[in-house]
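Structure data (TSV, C-alpha atoms) from final.tsv:
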chain	number	residue	atom	x	y	z
Z	1	LEU	CA	-6.04	-13.22	-8.65
Z	2	SER	CA	-4.67	-15.88	-10.96
Z	3	ASN	CA	-0.90	-16.45	-11.06
Z	4	LYS	CA	-0.95	-14.65	-14.35
Z	5	GLY	CA	-2.61	-11.65	-12.74
Z	6	THR	CA	0.08	-11.63	-10.06
Z	7	ARG	CA	2.84	-11.85	-12.65
Z	8	THR	CA	1.49	-9.09	-14.85
Z	9	GLU	CA	0.87	-6.87	-11.82
Z	10	ARG	CA	4.52	-7.27	-10.87
Z	11	GLU	CA	5.28	-6.10	-14.41
Z	12	LEU	CA	3.29	-2.90	-13.81
Z	13	PHE	CA	4.90	-2.45	-10.40
Z	14	ASN	CA	8.40	-2.64	-11.91
Z	15	LYS	CA	7.50	-0.37	-14.78
Z	16	LEU	CA	6.21	2.33	-12.43
Z	17	TRP	CA	9.18	1.93	-10.08
Z	18	GLU	CA	11.64	2.28	-12.95
Z	19	LYS	CA	9.93	5.49	-14.01
Z	20	GLY	CA	10.77	6.83	-10.53
Z	21	TYR	CA	7.36	6.55	-8.89
Z	22	GLY	CA	6.87	5.27	-5.38
Z	23	VAL	CA	4.87	2.05	-5.69
Z	24	MET	CA	3.08	-0.19	-3.21
Z	25	ARG	CA	1.26	-3.46	-3.92
Z	26	SER	CA	-1.59	-4.69	-1.81
Z	27	PRO	CA	-1.68	-8.22	-0.38
Z	28	ALA	CA	-3.08	-10.82	-2.82
Z	29	SER	CA	-6.65	-9.90	-3.77
Z	30	GLY	CA	-9.57	-11.78	-2.35
Z	31	GLY	CA	-13.10	-11.08	-1.30
Z	32	ALA	CA	-12.37	-12.09	2.27
Z	33	ARG	CA	-10.81	-8.83	3.32
Z	34	LYS	CA	-13.00	-6.43	5.23
Z	35	HIS	CA	-11.55	-3.27	3.73
Z	36	GLN	CA	-10.57	-3.69	0.12
Z	37	GLN	CA	-7.37	-2.13	-1.08
Z	38	PRO	CA	-6.40	-1.23	-4.63
Z	39	ASP	CA	-4.01	-3.60	-6.36
Z	40	ILE	CA	-1.38	-0.91	-6.75
Z	41	LEU	CA	-0.87	2.48	-5.16
Z	42	PHE	CA	1.69	4.81	-6.69
Z	43	SER	CA	2.90	8.35	-6.22
Z	44	ASP	CA	5.11	10.96	-7.81
Z	45	GLY	CA	5.83	12.31	-4.32
Z	46	ASP	CA	2.93	14.71	-4.59
Z	47	MET	CA	-0.16	13.11	-6.12
Z	48	LEU	CA	-1.31	9.62	-5.22
Z	49	PHE	CA	-2.89	7.13	-7.64
Z	50	ALA	CA	-4.84	3.98	-6.68
Z	51	VAL	CA	-5.07	1.39	-9.43
Z	52	GLU	CA	-7.44	-1.55	-9.77
Z	53	CYS	CA	-5.83	-4.03	-12.20
Z	54	LYS	CA	-7.28	-6.51	-14.66
Z	55	SER	CA	-5.46	-8.85	-17.03
Z	56	THR	CA	-7.31	-10.64	-19.81
Z	57	SER	CA	-6.78	-12.69	-22.94
Z	58	LYS	CA	-10.11	-11.38	-24.29
Z	59	LYS	CA	-11.01	-8.09	-25.93
Z	60	ARG	CA	-13.14	-6.98	-23.05
Z	61	VAL	CA	-12.97	-7.38	-19.33
Z	62	TYR	CA	-15.55	-7.01	-16.57
Z	63	ILE	CA	-15.08	-5.22	-13.27
Z	64	GLU	CA	-17.64	-5.54	-10.51
Z	65	LYS	CA	-19.29	-2.28	-9.53
Z	66	LYS	CA	-18.54	-3.25	-5.93
Z	67	GLU	CA	-14.82	-3.12	-6.75
Z	68	ILE	CA	-15.14	0.41	-8.09
Z	69	LYS	CA	-17.19	1.45	-5.07
Z	70	ASP	CA	-14.45	0.12	-2.77
Z	71	LEU	CA	-11.79	1.84	-4.87
Z	72	LEU	CA	-13.57	5.18	-4.56
Z	73	GLU	CA	-14.02	4.74	-0.80
Z	74	PHE	CA	-10.30	4.02	-0.50
Z	75	CYS	CA	-9.50	7.09	-2.64
Z	76	LYS	CA	-11.71	9.30	-0.50
Z	77	ARG	CA	-9.77	8.34	2.60
Z	78	PHE	CA	-6.37	8.66	0.94
Z	79	GLY	CA	-7.06	11.69	-1.19
Z	80	SER	CA	-5.88	9.64	-4.16
Z	81	MET	CA	-7.03	9.46	-7.78
Z	82	ALA	CA	-8.80	6.26	-8.90
Z	83	LEU	CA	-7.42	4.55	-12.00
Z	84	ILE	CA	-8.00	1.28	-13.84
Z	85	GLY	CA	-5.00	-0.68	-15.10
Z	86	LEU	CA	-5.70	-3.02	-18.01
Z	87	ARG	CA	-3.40	-5.62	-19.48
Z	88	PHE	CA	-4.67	-7.17	-22.68
Z	89	ASP	CA	-2.72	-10.07	-24.16
Z	90	ARG	CA	0.21	-9.00	-26.33
Z	91	GLU	CA	-0.23	-5.36	-25.28
Z	92	ASP	CA	1.53	-3.26	-22.71
Z	93	TRP	CA	-0.32	-2.10	-19.60
Z	94	VAL	CA	-2.76	0.70	-20.28
Z	95	ILE	CA	-4.16	2.95	-17.57
Z	96	ILE	CA	-7.55	4.57	-17.94
Z	97	ASP	CA	-9.86	6.81	-16.00
Z	98	PRO	CA	-12.81	4.85	-14.52
Z	99	GLY	CA	-15.04	7.26	-16.47
Z	100	ASN	CA	-14.09	5.29	-19.59
Z	101	LEU	CA	-15.69	2.10	-18.29
Z	102	VAL	CA	-19.01	1.08	-19.82
Z	103	ASP	CA	-21.99	0.41	-17.56
Z	104	THR	CA	-23.41	-2.98	-18.51
Z	105	GLY	CA	-26.63	-2.23	-16.65
Z	106	GLY	CA	-25.94	-5.22	-14.43
Z	107	LYS	CA	-23.53	-5.62	-11.56
Z	108	ASN	CA	-20.45	-5.00	-13.70
Z	109	PHE	CA	-18.65	-2.31	-15.59
Z	110	ARG	CA	-16.90	-3.31	-18.79
Z	111	ALA	CA	-13.64	-2.17	-20.36
Z	112	ASP	CA	-13.25	-2.61	-24.09
Z	113	LYS	CA	-9.79	-3.10	-25.51
Z	114	GLU	CA	-10.09	-0.77	-28.51
Z	115	ARG	CA	-11.53	2.09	-26.47
Z	116	ALA	CA	-9.05	1.54	-23.62
Z	117	MET	CA	-6.02	1.60	-25.94
Z	118	LYS	CA	-7.29	4.89	-27.34
Z	119	LYS	CA	-8.13	6.49	-23.97
Z	120	GLY	CA	-5.04	5.23	-22.14
Z	121	ILE	CA	-3.27	7.79	-19.96
Z	122	ASP	CA	0.38	8.42	-20.74
Z	123	LEU	CA	2.32	7.70	-17.56
Z	124	GLU	CA	4.97	10.22	-18.52
Z	125	LYS	CA	2.36	12.94	-18.31
Z	126	PHE	CA	1.52	12.67	-14.62
G	1	LEU	CA	6.72	-11.91	9.95
G	2	SER	CA	5.49	-14.34	12.54
G	3	ASN	CA	1.79	-15.13	12.72
G	4	LYS	CA	1.73	-12.99	15.80
G	5	GLY	CA	3.22	-10.09	13.88
G	6	THR	CA	0.54	-10.49	11.23
G	7	ARG	CA	-2.22	-10.60	13.82
G	8	THR	CA	-1.02	-7.55	15.73
G	9	GLU	CA	-0.52	-5.63	12.48
G	10	ARG	CA	-4.14	-6.31	11.60
G	11	GLU	CA	-4.98	-4.84	15.00
G	12	LEU	CA	-3.17	-1.61	14.06
G	13	PHE	CA	-4.79	-1.61	10.62
G	14	ASN	CA	-8.26	-1.83	12.16
G	15	LYS	CA	-7.51	0.77	14.77
G	16	LEU	CA	-6.37	3.28	12.15
G	17	TRP	CA	-9.29	2.47	9.86
G	18	GLU	CA	-11.78	2.99	12.69
G	19	LYS	CA	-10.25	6.37	13.40
G	20	GLY	CA	-11.16	7.29	9.81
G	21	TYR	CA	-7.74	7.03	8.20
G	22	GLY	CA	-7.17	5.41	4.83
G	23	VAL	CA	-4.99	2.35	5.47
G	24	MET	CA	-3.08	-0.02	3.22
G	25	ARG	CA	-1.10	-3.10	4.27
G	26	SER	CA	1.82	-4.39	2.29
G	27	PRO	CA	2.08	-8.04	1.24
G	28	ALA	CA	3.61	-10.29	3.93
G	29	SER	CA	7.10	-9.08	4.76
G	30	GLY	CA	10.14	-10.94	3.57
G	31	GLY	CA	13.61	-10.16	2.43
G	32	ALA	CA	12.94	-11.57	-1.01
G	33	ARG	CA	11.21	-8.54	-2.41
G	34	LYS	CA	13.28	-6.24	-4.55
G	35	HIS	CA	11.69	-3.02	-3.39
G	36	GLN	CA	10.74	-3.08	0.24
G	37	GLN	CA	7.44	-1.59	1.28
G	38	PRO	CA	6.44	-0.36	4.72
G	39	ASP	CA	4.18	-2.69	6.70
G	40	ILE	CA	1.41	-0.12	6.80
G	41	LEU	CA	0.72	3.06	4.87
G	42	PHE	CA	-1.98	5.38	6.16
G	43	SER	CA	-3.37	8.78	5.34
G	44	ASP	CA	-5.75	11.41	6.64
G	45	GLY	CA	-6.52	12.35	3.04
G	46	ASP	CA	-3.77	14.92	3.04
G	47	MET	CA	-0.60	13.67	4.71
G	48	LEU	CA	0.75	10.18	4.20
G	49	PHE	CA	2.47	8.04	6.86
G	50	ALA	CA	4.59	4.94	6.22
G	51	VAL	CA	4.96	2.65	9.23
G	52	GLU	CA	7.50	-0.10	9.84
G	53	CYS	CA	6.02	-2.39	12.53
G	54	LYS	CA	7.61	-4.52	15.24
G	55	SER	CA	5.92	-6.71	17.84
G	56	THR	CA	7.84	-8.09	20.78
G	57	SER	CA	7.42	-9.82	24.11
G	58	LYS	CA	10.66	-8.18	25.30
G	59	LYS	CA	11.40	-4.70	26.59
G	60	ARG	CA	13.47	-3.79	23.60
G	61	VAL	CA	13.31	-4.59	19.94
G	62	TYR	CA	15.87	-4.36	17.14
G	63	ILE	CA	15.31	-2.95	13.68
G	64	GLU	CA	17.88	-3.42	10.95
G	65	LYS	CA	19.35	-0.19	9.63
G	66	LYS	CA	18.67	-1.57	6.16
G	67	GLU	CA	14.94	-1.56	6.98
G	68	ILE	CA	15.07	2.10	7.95
G	69	LYS	CA	17.06	2.93	4.82
G	70	ASP	CA	14.40	1.22	2.68
G	71	LEU	CA	11.66	3.01	4.60
G	72	LEU	CA	13.25	6.38	3.94
G	73	GLU	CA	13.72	5.58	0.24
G	74	PHE	CA	10.05	4.63	0.04
G	75	CYS	CA	9.08	7.85	1.86
G	76	LYS	CA	11.18	9.95	-0.49
G	77	ARG	CA	9.29	8.56	-3.48
G	78	PHE	CA	5.87	8.85	-1.85
G	79	GLY	CA	6.40	12.13	-0.05
G	80	SER	CA	5.32	10.34	3.13
G	81	MET	CA	6.50	10.61	6.73
G	82	ALA	CA	8.41	7.64	8.18
G	83	LEU	CA	7.14	6.19	11.45
G	84	ILE	CA	7.89	3.18	13.60
G	85	GLY	CA	4.99	1.17	15.07
G	86	LEU	CA	5.83	-0.79	18.21
G	87	ARG	CA	3.67	-3.36	19.95
G	88	PHE	CA	5.03	-4.47	23.30
G	89	ASP	CA	3.23	-7.32	25.09
G	90	ARG	CA	0.23	-6.18	27.15
G	91	GLU	CA	0.49	-2.66	25.70
G	92	ASP	CA	-1.40	-0.94	22.94
G	93	TRP	CA	0.40	-0.01	19.72
G	94	VAL	CA	2.68	2.97	20.09
G	95	ILE	CA	3.97	5.00	17.17
G	96	ILE	CA	7.26	6.84	17.35
G	97	ASP	CA	9.44	9.00	15.17
G	98	PRO	CA	12.51	7.06	13.88
G	99	GLY	CA	14.59	9.78	15.57
G	100	ASN	CA	13.74	8.09	18.86
G	101	LEU	CA	15.53	4.88	17.90
G	102	VAL	CA	18.90	4.20	19.50
G	103	ASP	CA	21.91	3.46	17.31
G	104	THR	CA	23.51	0.26	18.61
G	105	GLY	CA	26.68	0.99	16.66
G	106	GLY	CA	26.14	-2.25	14.78
G	107	LYS	CA	23.75	-3.07	11.95
G	108	ASN	CA	20.65	-2.40	14.05
G	109	PHE	CA	18.72	0.37	15.66
G	110	ARG	CA	17.01	-0.38	18.95
G	111	ALA	CA	13.71	0.74	20.41
G	112	ASP	CA	13.34	0.66	24.19
G	113	LYS	CA	9.90	0.13	25.68
G	114	GLU	CA	10.08	2.78	28.39
G	115	ARG	CA	11.35	5.50	26.07
G	116	ALA	CA	8.91	4.51	23.32
G	117	MET	CA	5.87	4.63	25.61
G	118	LYS	CA	6.96	8.12	26.66
G	119	LYS	CA	7.72	9.39	23.15
G	120	GLY	CA	4.71	7.80	21.46
G	121	ILE	CA	2.79	10.02	19.04
G	122	ASP	CA	-0.88	10.52	19.77
G	123	LEU	CA	-2.79	9.36	16.66
G	124	GLU	CA	-5.59	11.80	17.40
G	125	LYS	CA	-3.15	14.65	16.89
G	126	PHE	CA	-2.30	14.03	13.25

Now, as a test, write the supplied structure out as structure tokens.
Amino acid sequence: LSNKGTRTERELFNKLWEKGYGVMRSPASGGARKHQQPDILFSDGDMLFAVECKSTSKKRVYIEKKEIKDLLEFCKRFGSMALIGLRFDREDWVIIDPGNLVDTGGKNFRADKERAMKKGIDLEKF
Amino acid sequence: LSNKGTRTERELFNKLWEKGYGVMRSPASGGARKHQQPDILFSDGDMLFAVECKSTSKKRVYIEKKEIKDLLEFCKRFGSMALIGLRFDREDWVIIDPGNLVDTGGKNFRADKERAMKKGIDLEKF
């Protein structure tokens, strides 16, 4: 994670906390860890949500399929719901269902800004 | 956390993971964070357990009441059960209910090795 990624993730953490959710951040990302953890885990005291986060200054952002695979493995063990958190420059965080990612055919999925802003899940609705 | 604390916590992480639990570690401990997180959060896919960890070479170990207060606040938001993980030298990790801590009358609770080893919760039983 870049410093910017860390800063914007803290933004999401605080936002969720202020809405009353329980929130936990994982240690700084890195490929070195044996068992990957989602960037943020949050809960309303009943359901549990695991979020993989991406910040970008572009209009699209790529997420390795391996990251999604790890996220789903984590969610299976925790009984949590997998979510993708996206932070596009000059926008607020938007949270989408991984089903809204586009398969590039290669080793990545892609999130497009326009689609994400439209498909974003309203945090108040959980 | 000392390096030793970090190393022994990784031991507990791996042990829980190998037993099939979902496990998440919090970023390195430190008083600087605004919202404290438990050292380890784990789940059997249904119930969720938040563990505050202590390693010691002594026969007793102190835990600030503030830490327990933060742990309970976290658990309230997550709907998780609060646990204390203790790692005494030359022993395996033992997990106890916070109710087995002794109130020192001051700003700490205390965990005694002998009592903890007797009251330890069997992880297989969750």

Expected axis-aligned box over every listed atom of stretch 41-45 of chain G, 5 Å added per side, centre plus edges in Å to one decimal, as AutoDock Vina command-line options:
--center_x -2.9 --center_y 7.7 --center_z 4.8 --size_x 17.2 --size_y 19.3 --size_z 13.6

Item to check | Test item: chain Z residues at most 12 Å from chain G, counting only C-alpha atoms, as a PyMOL selection string | outcome: chain Z and resi 10+13-14+16-29+33-50+70-81

Item to check | atom CA of Z:Gly105 to atom CA of Z:Ile68, distance in Å rounded to a single decimal | outcome: 14.6 Å

Checklist outcome for this item: Students should find that atom CA of G:Leu86 and atom CA of G:Cys53 are spaced 5.9 Å

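Checking G:Gly99, G:Glu67, G:Phe88, G:Met117 one by one against G:Gly5, counting all atoms listed in the file, you find the shortest gap at G:Phe88.
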
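Of note, atom CA of G:Arg7 and atom CA of G:Glu114 are spaced 23.3 Å apart.
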
Item to check | Pick from Z:Val61, Z:Val51, Z:Leu83, Z:Ile95 nearest to Z:Lys113, counting only C-alpha atoms | outcome: Z:Val61

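Distance annotation: of Z:Arg115, Z:Arg87, Z:Lys69, Z:Arg110, the residue with the minimal separation from Z:Thr8 is Z:Arg87; atom set is only C-alpha atoms.
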
Next on the checklist: Let me make sure I understand: among G:Lys4, G:Lys15, G:Lys107, G:Lys59, which one has the smallest atom-to-atom distance to G:Glu124 if we use only C-alpha atoms?
Outcome noted: G:Lys15
